[in-house]
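Source file: upload-v3.cif (mmCIF, C-alpha atoms)
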data_upload
#
loop_
_atom_site.label_atom_id
_atom_site.label_comp_id
_atom_site.auth_asym_id
_atom_site.auth_seq_id
_atom_site.Cartn_x
_atom_site.Cartn_y
_atom_site.Cartn_z
CA MET V 739 -21.29 -20.85 18.76
CA VAL V 740 -20.38 -23.34 16.07
CA ALA V 741 -22.09 -23.04 12.72
CA LYS V 742 -23.73 -26.36 11.95
CA ASN V 743 -25.10 -25.75 8.50
CA LEU V 744 -21.92 -24.52 6.96
CA THR V 745 -19.53 -26.77 5.16
CA SER V 746 -16.38 -27.08 7.18
CA PRO V 747 -13.66 -25.06 5.47
CA SER V 748 -10.24 -26.57 5.26
CA LEU V 749 -7.27 -24.26 5.55
CA ASN V 750 -8.67 -21.16 3.95
CA ILE V 751 -11.97 -19.36 3.71
CA SER V 752 -12.99 -18.95 0.08
CA ILE V 753 -15.11 -16.30 -1.60
CA GLY V 754 -17.89 -18.89 -1.79
CA ASP V 755 -17.65 -19.55 1.96
CA ARG V 756 -18.06 -15.85 2.70
CA GLU V 757 -21.03 -15.61 0.34
CA THR V 758 -22.66 -18.63 1.97
CA LEU V 759 -22.38 -16.97 5.34
CA LEU V 760 -23.78 -13.67 4.03
CA LYS V 761 -26.49 -15.47 2.02
CA GLN V 762 -25.82 -13.35 -1.05
CA GLN V 763 -23.53 -13.18 -4.05
CA GLY V 764 -20.96 -10.40 -4.26
CA LYS V 765 -21.44 -7.91 -7.09
CA ILE V 766 -20.22 -4.56 -8.31
CA ILE V 767 -22.79 -1.96 -9.35
CA TRP V 768 -21.01 0.83 -11.17
CA PHE V 769 -22.59 4.24 -11.82
CA THR V 770 -20.89 6.35 -14.48
CA GLY V 771 -21.83 9.71 -15.95
CA LEU V 772 -21.02 13.40 -15.90
CA SER V 773 -20.80 15.51 -12.76
CA GLY V 774 -24.36 16.36 -11.74
CA ALA V 775 -25.88 13.40 -13.57
CA GLY V 776 -27.20 12.00 -10.28
CA LYS V 777 -24.72 9.23 -9.53
CA SER V 778 -24.38 9.85 -5.78
CA THR V 779 -28.10 10.47 -5.32
CA LEU V 780 -29.03 7.20 -7.03
CA ALA V 781 -26.20 5.25 -5.40
CA ASN V 782 -27.37 6.33 -1.96
CA ALA V 783 -31.02 5.64 -2.75
CA LEU V 784 -30.07 2.21 -4.08
CA GLU V 785 -28.11 1.40 -0.93
CA VAL V 786 -31.11 2.37 1.20
CA ALA V 787 -33.42 0.21 -0.93
CA LEU V 788 -31.07 -2.78 -0.70
CA TYR V 789 -30.62 -2.27 3.04
CA GLN V 790 -34.38 -2.51 3.48
CA GLN V 791 -34.12 -5.92 1.80
CA ARG V 792 -31.34 -6.83 4.27
CA VAL V 793 -28.72 -6.88 1.55
CA HIS V 794 -25.15 -6.22 2.68
CA THR V 795 -23.66 -3.34 0.73
CA PHE V 796 -20.90 -0.78 0.63
CA LEU V 797 -20.83 2.50 -1.21
CA LEU V 798 -17.63 3.82 -2.75
CA ASP V 799 -17.70 7.37 -4.06
CA GLY V 800 -15.35 10.23 -4.73
CA ASP V 801 -15.67 11.78 -1.27
CA ILE V 802 -14.72 8.60 0.53
CA VAL V 803 -11.84 7.66 -1.76
CA ARG V 804 -10.26 11.02 -2.53
CA LEU V 805 -9.84 11.76 1.19
CA GLY V 806 -8.11 8.48 1.98
CA LEU V 807 -6.85 5.78 -0.35
CA ASN V 808 -6.37 8.16 -3.27
CA GLN V 809 -5.49 11.36 -1.44
CA ASP V 810 -2.19 11.46 -3.35
CA LEU V 811 -3.93 11.77 -6.72
CA GLY V 812 -5.10 14.83 -8.67
CA PHE V 813 -7.27 15.23 -11.74
CA SER V 814 -4.89 14.84 -14.66
CA ASP V 815 -5.75 12.05 -17.10
CA ALA V 816 -3.00 9.88 -15.59
CA ASP V 817 -4.24 10.47 -12.05
CA ARG V 818 -7.86 9.84 -13.03
CA THR V 819 -6.76 6.57 -14.60
CA GLU V 820 -4.89 5.52 -11.44
CA ASN V 821 -7.81 6.70 -9.29
CA ILE V 822 -10.25 4.37 -11.03
CA ARG V 823 -7.70 1.53 -11.28
CA ARG V 824 -7.31 1.49 -7.49
CA ILE V 825 -11.07 1.79 -6.98
CA ALA V 826 -11.69 -1.14 -9.34
CA HIS V 827 -9.31 -3.33 -7.33
CA THR V 828 -10.75 -2.18 -4.01
CA ALA V 829 -14.28 -2.88 -5.23
CA LYS V 830 -13.14 -6.35 -6.32
CA LEU V 831 -11.73 -7.08 -2.87
CA MET V 832 -15.00 -6.00 -1.25
CA MET V 833 -16.97 -8.09 -3.74
CA ASP V 834 -14.80 -11.06 -2.78
CA ALA V 835 -15.90 -10.41 0.80
CA GLY V 836 -19.42 -11.11 -0.47
CA LEU V 837 -20.68 -7.54 -0.54
CA ILE V 838 -22.75 -5.69 -3.12
CA VAL V 839 -20.36 -2.84 -3.83
CA ILE V 840 -21.97 0.29 -5.21
CA CYS V 841 -19.52 2.59 -7.02
CA ALA V 842 -20.40 6.15 -7.99
CA PHE V 843 -17.67 7.84 -10.02
CA ILE V 844 -17.58 9.95 -13.17
CA SER V 845 -15.04 7.30 -14.29
CA PRO V 846 -14.65 8.98 -17.68
CA PHE V 847 -12.53 6.38 -19.44
CA ARG V 848 -13.72 3.05 -20.85
CA LYS V 849 -10.49 1.24 -20.12
CA GLU V 850 -10.73 1.47 -16.33
CA ARG V 851 -14.45 0.73 -16.27
CA ASP V 852 -13.70 -2.35 -18.33
CA LEU V 853 -10.94 -3.27 -15.88
CA ALA V 854 -13.53 -3.21 -13.09
CA ARG V 855 -15.87 -5.33 -15.25
CA ASN V 856 -13.16 -7.88 -15.99
CA LEU V 857 -12.06 -8.08 -12.36
CA ALA V 858 -15.64 -8.68 -11.24
CA GLY V 859 -16.24 -11.41 -13.81
CA ASP V 860 -19.32 -12.62 -15.65
CA GLY V 861 -22.68 -11.71 -14.22
CA ARG V 862 -21.17 -9.83 -11.31
CA PHE V 863 -20.82 -6.39 -12.87
CA LEU V 864 -23.65 -3.98 -13.55
CA GLU V 865 -22.72 -0.80 -15.38
CA ILE V 866 -25.30 1.93 -15.02
CA TYR V 867 -24.82 4.80 -17.41
CA LEU V 868 -26.54 8.04 -16.45
CA ASN V 869 -26.78 9.69 -19.85
CA THR V 870 -28.24 12.92 -18.51
CA SER V 871 -27.08 15.53 -21.03
CA LEU V 872 -24.25 17.96 -20.47
CA GLU V 873 -26.83 20.73 -20.86
CA ASP V 874 -29.02 19.33 -18.06
CA CYS V 875 -25.99 18.66 -15.84
CA THR V 876 -24.76 22.22 -16.43
CA LYS V 877 -28.18 23.61 -15.52
CA ARG V 878 -28.18 21.67 -12.25
CA ASP V 879 -24.49 22.34 -11.52
CA THR V 880 -24.86 20.55 -8.16
CA LYS V 881 -21.30 21.31 -7.09
CA GLY V 882 -20.80 24.57 -8.99
CA LEU V 883 -18.15 22.92 -11.13
CA TYR V 884 -19.56 23.84 -14.56
CA LYS V 885 -19.60 27.50 -13.62
CA GLN V 886 -15.92 27.27 -12.73
CA ALA V 887 -15.10 25.21 -15.81
CA ASN V 888 -16.86 27.62 -18.15
CA ALA V 889 -15.14 30.56 -16.45
CA GLY V 890 -11.82 28.82 -17.08
CA THR V 891 -10.88 28.48 -13.41
CA LEU V 892 -11.42 24.68 -13.38
CA LYS V 893 -9.57 22.56 -15.89
CA ASN V 894 -10.19 18.90 -16.61
CA LEU V 895 -13.93 18.76 -15.83
CA SER V 896 -15.26 15.73 -17.69
CA GLY V 897 -17.41 16.80 -20.65
CA VAL V 898 -15.93 20.31 -20.68
CA GLY V 899 -12.14 20.44 -20.51
CA SER V 900 -11.65 16.67 -20.32
CA ASN V 901 -13.00 13.75 -22.30
CA TYR V 902 -15.89 11.51 -21.22
CA GLU V 903 -16.21 8.18 -23.02
CA PRO V 904 -19.78 6.84 -22.79
CA PRO V 905 -20.16 3.10 -22.14
CA VAL V 906 -20.63 0.93 -25.22
CA ARG V 907 -22.85 -1.76 -23.71
CA PRO V 908 -23.96 -0.70 -20.22
CA GLU V 909 -26.44 -2.98 -18.46
CA ILE V 910 -28.73 0.00 -17.77
CA ILE V 911 -29.09 3.50 -19.20
CA LEU V 912 -30.97 6.08 -17.15
CA ASN V 913 -31.69 9.70 -17.91
CA THR V 914 -32.26 11.35 -14.56
CA ALA V 915 -33.76 14.41 -16.25
CA GLU V 916 -36.68 12.22 -17.30
CA LEU V 917 -36.95 9.61 -14.54
CA SER V 918 -37.67 10.09 -10.85
CA ILE V 919 -35.35 8.56 -8.26
CA GLU V 920 -38.00 5.94 -7.49
CA GLN V 921 -38.40 4.99 -11.14
CA SER V 922 -34.63 4.71 -11.58
CA ILE V 923 -34.24 2.53 -8.50
CA GLU V 924 -37.09 0.32 -9.64
CA LYS V 925 -35.34 -0.34 -12.93
CA ILE V 926 -32.09 -1.22 -11.19
CA LEU V 927 -33.73 -3.52 -8.65
CA ALA V 928 -35.58 -5.27 -11.47
CA LEU V 929 -32.28 -6.17 -13.08
CA LEU V 930 -30.65 -7.25 -9.83
CA MET A 496 -38.58 -8.76 1.79
CA VAL A 497 -38.72 -5.70 3.99
CA ALA A 498 -36.68 -5.67 7.15
CA LYS A 499 -38.99 -4.99 10.05
CA ASN A 500 -36.58 -4.83 12.94
CA LEU A 501 -34.21 -2.32 11.44
CA THR A 502 -34.47 1.37 12.02
CA SER A 503 -35.46 3.08 8.85
CA PRO A 504 -32.45 4.86 7.43
CA SER A 505 -32.90 8.32 6.02
CA LEU A 506 -30.87 9.31 3.00
CA ASN A 507 -27.71 7.36 3.63
CA ILE A 508 -26.68 4.06 5.13
CA SER A 509 -24.21 4.60 7.96
CA ILE A 510 -21.46 2.39 9.30
CA GLY A 511 -23.72 1.65 12.26
CA ASP A 512 -26.55 0.58 9.92
CA ARG A 513 -24.28 -1.88 8.17
CA GLU A 514 -23.05 -3.25 11.48
CA THR A 515 -26.62 -3.67 12.70
CA LEU A 516 -27.46 -5.71 9.63
CA LEU A 517 -24.32 -7.87 10.02
CA LYS A 518 -24.81 -8.19 13.78
CA GLN A 519 -21.16 -7.43 14.48
CA GLN A 520 -18.79 -4.54 14.91
CA GLY A 521 -16.16 -3.87 12.25
CA LYS A 522 -12.55 -4.30 13.38
CA ILE A 523 -9.05 -4.53 11.97
CA ILE A 524 -6.81 -7.35 13.19
CA TRP A 525 -3.27 -6.61 12.08
CA PHE A 526 -0.50 -9.24 12.09
CA THR A 527 3.03 -7.88 11.86
CA GLY A 528 6.39 -9.65 12.00
CA LEU A 529 9.27 -10.89 9.89
CA SER A 530 8.91 -13.10 6.85
CA GLY A 531 8.37 -16.65 8.07
CA ALA A 532 7.07 -15.57 11.47
CA GLY A 533 3.73 -17.25 10.75
CA LYS A 534 1.51 -14.30 9.84
CA SER A 535 -0.34 -15.93 6.93
CA THR A 536 -0.73 -19.25 8.73
CA LEU A 537 -2.25 -17.61 11.81
CA ALA A 538 -4.34 -15.17 9.76
CA ASN A 539 -5.88 -18.05 7.82
CA ALA A 540 -6.44 -20.14 10.93
CA LEU A 541 -8.06 -17.15 12.63
CA GLU A 542 -10.38 -16.59 9.68
CA VAL A 543 -11.43 -20.25 9.80
CA ALA A 544 -12.07 -20.03 13.55
CA LEU A 545 -14.14 -16.85 13.15
CA TYR A 546 -16.05 -18.34 10.23
CA GLN A 547 -17.08 -21.24 12.41
CA GLN A 548 -18.55 -18.64 14.76
CA ARG A 549 -20.39 -17.13 11.77
CA VAL A 550 -18.34 -13.96 11.92
CA HIS A 551 -18.01 -12.06 8.64
CA THR A 552 -14.38 -11.53 7.76
CA PHE A 553 -11.96 -10.68 5.01
CA LEU A 554 -8.28 -11.49 4.78
CA LEU A 555 -5.83 -9.07 3.21
CA ASP A 556 -2.31 -10.34 2.62
CA GLY A 557 0.64 -9.72 0.37
CA ASP A 558 -0.42 -12.16 -2.33
CA ILE A 559 -3.84 -10.62 -2.77
CA VAL A 560 -2.66 -7.01 -2.72
CA ARG A 561 0.61 -7.16 -4.64
CA LEU A 562 -1.12 -8.77 -7.64
CA GLY A 563 -3.86 -6.16 -7.87
CA LEU A 564 -4.25 -2.88 -6.01
CA ASN A 565 -0.53 -2.48 -5.41
CA GLN A 566 0.88 -4.17 -8.51
CA ASP A 567 2.65 -0.90 -9.39
CA LEU A 568 4.77 -0.98 -6.22
CA GLY A 569 8.13 -2.58 -5.50
CA PHE A 570 10.07 -3.13 -2.29
CA SER A 571 11.98 0.09 -1.74
CA ASP A 572 11.28 1.86 1.55
CA ALA A 573 9.08 4.39 -0.26
CA ASP A 574 7.09 1.67 -2.02
CA ARG A 575 6.71 -0.34 1.18
CA THR A 576 5.38 2.77 2.87
CA GLU A 577 2.87 3.38 0.07
CA ASN A 578 1.97 -0.32 0.04
CA ILE A 579 0.94 -0.28 3.68
CA ARG A 580 -0.68 3.18 3.41
CA ARG A 581 -3.05 1.91 0.73
CA ILE A 582 -3.70 -1.31 2.65
CA ALA A 583 -4.52 0.67 5.80
CA HIS A 584 -7.11 2.73 3.90
CA THR A 585 -8.56 -0.33 2.17
CA ALA A 586 -8.84 -2.15 5.49
CA LYS A 587 -10.62 0.90 6.94
CA LEU A 588 -13.17 0.89 4.10
CA MET A 589 -13.84 -2.82 4.67
CA MET A 590 -14.13 -2.22 8.40
CA ASP A 591 -16.69 0.49 7.66
CA ALA A 592 -18.62 -2.15 5.75
CA GLY A 593 -18.87 -3.94 9.12
CA LEU A 594 -16.30 -6.65 8.45
CA ILE A 595 -13.58 -8.06 10.67
CA VAL A 596 -10.59 -7.36 8.43
CA ILE A 597 -7.59 -9.58 9.03
CA CYS A 598 -4.34 -8.10 7.70
CA ALA A 599 -1.14 -10.14 7.40
CA PHE A 600 1.82 -8.05 6.29
CA ILE A 601 5.42 -7.73 7.39
CA SER A 602 4.50 -4.01 7.63
CA PRO A 603 7.99 -3.14 8.86
CA PHE A 604 7.45 0.52 9.76
CA ARG A 605 5.64 1.87 12.80
CA LYS A 606 4.28 4.92 11.05
CA GLU A 607 2.02 3.03 8.63
CA ARG A 608 0.87 0.55 11.27
CA ASP A 609 -0.04 3.53 13.43
CA LEU A 610 -1.89 5.05 10.47
CA ALA A 611 -4.01 1.88 10.27
CA ARG A 612 -4.59 2.06 14.04
CA ASN A 613 -5.65 5.70 13.86
CA LEU A 614 -7.94 5.12 10.90
CA ALA A 615 -9.65 2.23 12.70
CA GLY A 616 -10.17 4.20 15.91
CA ASP A 617 -10.40 3.24 19.57
CA GLY A 618 -11.10 -0.38 20.38
CA ARG A 619 -11.30 -1.37 16.74
CA PHE A 620 -7.64 -2.17 16.08
CA LEU A 621 -5.82 -5.23 17.31
CA GLU A 622 -2.10 -5.33 16.60
CA ILE A 623 -0.64 -8.80 16.86
CA TYR A 624 3.13 -8.88 16.92
CA LEU A 625 4.73 -12.17 16.00
CA ASN A 626 8.09 -11.78 17.67
CA THR A 627 9.48 -15.05 16.38
CA SER A 628 13.22 -14.40 16.20
CA LEU A 629 15.15 -13.69 13.02
CA GLU A 630 17.10 -16.87 13.76
CA ASP A 631 13.94 -19.01 13.89
CA CYS A 632 12.49 -17.31 10.81
CA THR A 633 15.74 -17.89 8.93
CA LYS A 634 15.70 -21.58 9.92
CA ARG A 635 12.15 -21.97 8.59
CA ASP A 636 12.76 -19.82 5.52
CA THR A 637 9.22 -20.60 4.31
CA LYS A 638 9.66 -18.75 1.04
CA GLY A 639 13.41 -19.18 0.60
CA LEU A 640 13.90 -15.46 1.00
CA TYR A 641 16.56 -15.55 3.75
CA LYS A 642 18.74 -17.79 1.63
CA GLN A 643 18.55 -15.27 -1.19
CA ALA A 644 19.07 -12.31 1.15
CA ASN A 645 22.10 -13.88 2.78
CA ALA A 646 23.51 -14.75 -0.63
CA GLY A 647 23.09 -11.12 -1.58
CA THR A 648 20.64 -11.77 -4.42
CA LEU A 649 17.67 -10.31 -2.54
CA LYS A 650 17.93 -6.80 -1.20
CA ASN A 651 15.49 -5.13 1.19
CA LEU A 652 14.36 -8.22 3.11
CA SER A 653 13.03 -6.96 6.45
CA GLY A 654 15.38 -7.86 9.27
CA VAL A 655 18.30 -8.47 6.91
CA GLY A 656 18.84 -5.73 4.32
CA SER A 657 15.94 -3.57 5.47
CA ASN A 658 14.77 -2.31 8.83
CA TYR A 659 11.97 -3.85 10.90
CA GLU A 660 10.54 -1.68 13.68
CA PRO A 661 8.83 -3.80 16.35
CA PRO A 662 5.52 -2.50 17.74
CA VAL A 663 5.76 -0.48 20.94
CA ARG A 664 2.43 -1.45 22.48
CA PRO A 665 0.85 -4.30 20.48
CA GLU A 666 -2.36 -5.79 21.86
CA ILE A 667 -0.88 -9.30 21.62
CA ILE A 668 2.63 -10.71 21.32
CA LEU A 669 3.01 -14.27 20.10
CA ASN A 670 6.14 -16.30 19.53
CA THR A 671 5.20 -18.97 17.02
CA ALA A 672 8.37 -20.93 17.79
CA GLU A 673 6.92 -21.60 21.24
CA LEU A 674 3.15 -21.68 20.72
CA SER A 675 1.06 -23.99 18.57
CA ILE A 676 -1.38 -22.55 16.05
CA GLU A 677 -4.26 -23.59 18.32
CA GLN A 678 -2.71 -21.88 21.36
CA SER A 679 -2.11 -18.71 19.37
CA ILE A 680 -5.65 -18.62 18.00
CA GLU A 681 -7.04 -19.19 21.48
CA LYS A 682 -5.18 -16.16 22.79
CA ILE A 683 -6.47 -14.00 19.96
CA LEU A 684 -10.08 -15.17 20.32
CA ALA A 685 -9.90 -14.50 24.06
CA LEU A 686 -9.07 -10.86 23.38
CA LEU A 687 -11.70 -10.45 20.69
#
So, in terms of structure tokens, how does the structure I just supplied come out?
Amino acid sequence: MVAKNLTSPSLNISIGDRETLLKQQGKIIWFTGLSGAGKSTLANALEVALYQQRVHTFLLDGDIVRLGLNQDLGFSDADRTENIRRIAHTAKLMMDAGLIVICAFISPFRKERDLARNLAGDGRFLEIYLNTSLEDCTKRDTKGLYKQANAGTLKNLSGVGSNYEPPVRPEIILNTAELSIEQSIEKILALL
Amino acid sequence: MVAKNLTSPSLNISIGDRETLLKQQGKIIWFTGLSGAGKSTLANALEVALYQQRVHTFLLDGDIVRLGLNQDLGFSDADRTENIRRIAHTAKLMMDAGLIVICAFISPFRKERDLARNLAGDGRFLEIYLNTSLEDCTKRDTKGLYKQANAGTLKNLSGVGSNYEPPVRPEIILNTAELSIEQSIEKILALL
């Protein structure tokens, strides 16, 4: 089947060609916040909501990346930096494929989040800061990490033994202790 | 717009969901061969041919990866191994997004190509070996690398100062000194 309503590409397929075919513009949606802030929950709910609108997405999170691409990295500051650097570049490649790439990572340092923002370019990066308090995150303790950190058996947990640098000008701030999942998703979709 | 003919996903979007939406199955098409064998030329021509069939693709090659994700790596055996390891995982993530991922890398070692094959899984990996001879590649010397290697100013060029391990059971073997671009693409499309 030959596509008739596509401009004939010359030697290479460009980002714009891929976006034309997908009928959407590639973007990176980046969730940042402490462990337990609700990043994965919202990222998954957002992907479901976008899917129902027939939007082509991919979700990158710690589970998927730490087991494969970044399996050689630990949790020292240097390794966290390299972890997010690689993720930023991977997200950029997927964005160049025309996808809406949803990233859910603590991503504690500004520098690497800004790298992702700069790679994505103007209007293609949406930083969503979940500013749920350390107290609320500790109460939830979804993964049992705060218990370990406070007992001293887990070092480097962001907000406890390791630094977390809040975004300076995120596109959206959400406190998941005050907003329902539906309300949060509504706010994100409104901005998209 | 709500999609009516899609099954309603539960909490997460699966690989199968994404493929349903894209109306295609994710795959990895992996070109391997010496420098100058024609990997980038064929990879680009293949992407154009697939685009004309409205197939959603992405092309990963040395230029795109060495400047970003793998900018910290050089050309020692260890760095080449890590280079292809990361590319294999990145290609797998893009395949899981439902894309046909076209990879064009010398990828001199069997182990990392087999890693990519194993990550992709049965029926989703197509290894295309460009067995254009070292003599023919040296004659072409597309990037001037053989001249440098033979003058001793470039170490580690695959086939000269560094080892190249040919695939044992590639899905396709093409000699670009004997086949035109069109003939080569035809053979690949026939297998897809």
With a cut-off of 9 Å, could you pull out the residues of chain V touching chain A and give me the nearest pair of atoms for each, distance in Å to one decimal, using all atoms listed in the file, ordered by chain and ascending number, as CSV?
residue,atom,partner,partner_atom,distance
V:Met739,CA,A:Gln548,CA,5.3
V:Val740,CA,A:Gln548,CA,5.2
V:Ala741,CA,A:Gln547,CA,5.3
V:Lys742,CA,A:Gln547,CA,8.4
V:Leu744,CA,A:Gln547,CA,8.0
V:Ser746,CA,A:Gln547,CA,7.9
V:Pro747,CA,A:Val543,CA,6.8
V:Ser748,CA,A:Val543,CA,7.9
V:Leu749,CA,A:Asn539,CA,6.8
V:Asn750,CA,A:Asn539,CA,5.7
V:Ile751,CA,A:Val543,CA,6.2
V:Asp755,CA,A:Tyr546,CA,8.5
V:Arg756,CA,A:His551,CA,7.0
V:Leu759,CA,A:Arg549,CA,6.7
V:Leu760,CA,A:His551,CA,7.6
V:Thr779,CA,A:Leu506,CA,8.8
V:Asn782,CA,A:Asn507,CA,5.7
V:Ala783,CA,A:Leu506,CA,6.8
V:Glu785,CA,A:Ile508,CA,6.8
V:Val786,CA,A:Ile508,CA,6.2
V:Tyr789,CA,A:Ile508,CA,7.7
V:Gln790,CA,A:Ala498,CA,5.4
V:Gln791,CA,A:Val497,CA,5.1
V:Arg792,CA,A:Ala498,CA,6.2
V:Val793,CA,A:Leu516,CA,8.3
V:His794,CA,A:Arg513,CA,7.1
V:Thr795,CA,A:Ala592,CA,7.2
V:Phe796,CA,A:Ala592,CA,5.8
V:Leu797,CA,A:Ala592,CA,8.7
V:Leu798,CA,A:Leu588,CA,8.7
V:Ile802,CA,A:Leu588,CA,8.6
V:Val803,CA,A:His584,CA,8.9
V:Gly806,CA,A:His584,CA,6.1
V:Leu807,CA,A:His584,CA,5.2
V:Asn808,CA,A:Arg581,CA,8.1
V:Arg823,CA,A:Leu564,CA,7.7
V:Arg824,CA,A:Leu564,CA,5.5
V:Ile825,CA,A:Leu564,CA,8.3
V:Ala826,CA,A:Leu564,CA,8.3
V:His827,CA,A:Leu564,CA,5.2
V:Thr828,CA,A:Thr585,CA,6.8
V:Leu831,CA,A:Ile559,CA,8.6
V:Met832,CA,A:Met589,CA,6.8
V:Asp834,CA,A:Phe553,CA,8.3
V:Ala835,CA,A:Phe553,CA,5.8
V:Leu837,CA,A:Ala592,CA,8.5
- Message: Ranking V:Ala889, V:Ile840, V:Leu912, V:Leu780 by minimum distance to Leu864 of chain V and counting all atoms listed in the file, which one comes first?
- Response: V:Ile840
- Task: Could you tell me which residues the PyMOL selection byres ((chain V and resi 765-777) around 8) grabs in this file, written as a PyMOL selection string?
- Result: chain V and resi 763-764+778-781+829-830+833+836-846+858+862-872+875-876+878-881+896-897+902+904+914
Just-selected residues, C-alpha atoms written as a compact mmCIF listing (two decimals), keeping the file's coordinate frame:
# COMPACT_ATOMS: atom_id res chain seq x y z
CA GLN V 763 -23.53 -13.18 -4.05
CA GLY V 764 -20.96 -10.40 -4.26
CA SER V 778 -24.38 9.85 -5.78
CA THR V 779 -28.10 10.47 -5.32
CA LEU V 780 -29.03 7.20 -7.03
CA ALA V 781 -26.20 5.25 -5.40
CA ALA V 829 -14.28 -2.88 -5.23
CA LYS V 830 -13.14 -6.35 -6.32
CA MET V 833 -16.97 -8.09 -3.74
CA GLY V 836 -19.42 -11.11 -0.47
CA LEU V 837 -20.68 -7.54 -0.54
CA ILE V 838 -22.75 -5.69 -3.12
CA VAL V 839 -20.36 -2.84 -3.83
CA ILE V 840 -21.97 0.29 -5.21
CA CYS V 841 -19.52 2.59 -7.02
CA ALA V 842 -20.40 6.15 -7.99
CA PHE V 843 -17.67 7.84 -10.02
CA ILE V 844 -17.58 9.95 -13.17
CA SER V 845 -15.04 7.30 -14.29
CA PRO V 846 -14.65 8.98 -17.68
CA ALA V 858 -15.64 -8.68 -11.24
CA ARG V 862 -21.17 -9.83 -11.31
CA PHE V 863 -20.82 -6.39 -12.87
CA LEU V 864 -23.65 -3.98 -13.55
CA GLU V 865 -22.72 -0.80 -15.38
CA ILE V 866 -25.30 1.93 -15.02
CA TYR V 867 -24.82 4.80 -17.41
CA LEU V 868 -26.54 8.04 -16.45
CA ASN V 869 -26.78 9.69 -19.85
CA THR V 870 -28.24 12.92 -18.51
CA SER V 871 -27.08 15.53 -21.03
CA LEU V 872 -24.25 17.96 -20.47
CA CYS V 875 -25.99 18.66 -15.84
CA THR V 876 -24.76 22.22 -16.43
CA ARG V 878 -28.18 21.67 -12.25
CA ASP V 879 -24.49 22.34 -11.52
CA THR V 880 -24.86 20.55 -8.16
CA LYS V 881 -21.30 21.31 -7.09
CA SER V 896 -15.26 15.73 -17.69
CA GLY V 897 -17.41 16.80 -20.65
CA TYR V 902 -15.89 11.51 -21.22
CA PRO V 904 -19.78 6.84 -22.79
CA THR V 914 -32.26 11.35 -14.56
- Could you give me, as a list in words, the residues that sit within 12 Å of (-0.1, 3.8, -16.0) in the file's coordinates, counting all atoms listed in the file? Asp815, Ala816, Asp817, Arg818, Thr819, Glu820, Asn821, Ile822, Arg823, Arg824, Lys849 and Glu850 of chain V; Gln566, Asp567 and Leu568 of chain A
- Message: What does the structure give for the distance between atom CA of Glu916 of chain V and atom CA of Ala928 of chain V, in Å to one decimal?
- Response: 18.5 Å
- Query: To one decimal place, how far is atom CA of Asn901 of chain V from atom CA of Gln886 of chain V in Å?
  - Reply: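 Between these atoms lies a distance of 16.8 Å.
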- Task: Quote the spacing between atom CA of Val906 of chain V and atom CA of Arg848 of chain V in Å to one decimal place.
- Result: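 A separation of 8.4 Å between them.
Distance annotation: of V:Ala854, V:Leu917, V:Val898, V:Ile923, the residue with the minimal separation from Tyr884 of chain V is V:Val898; atom set is only C-alpha atoms.
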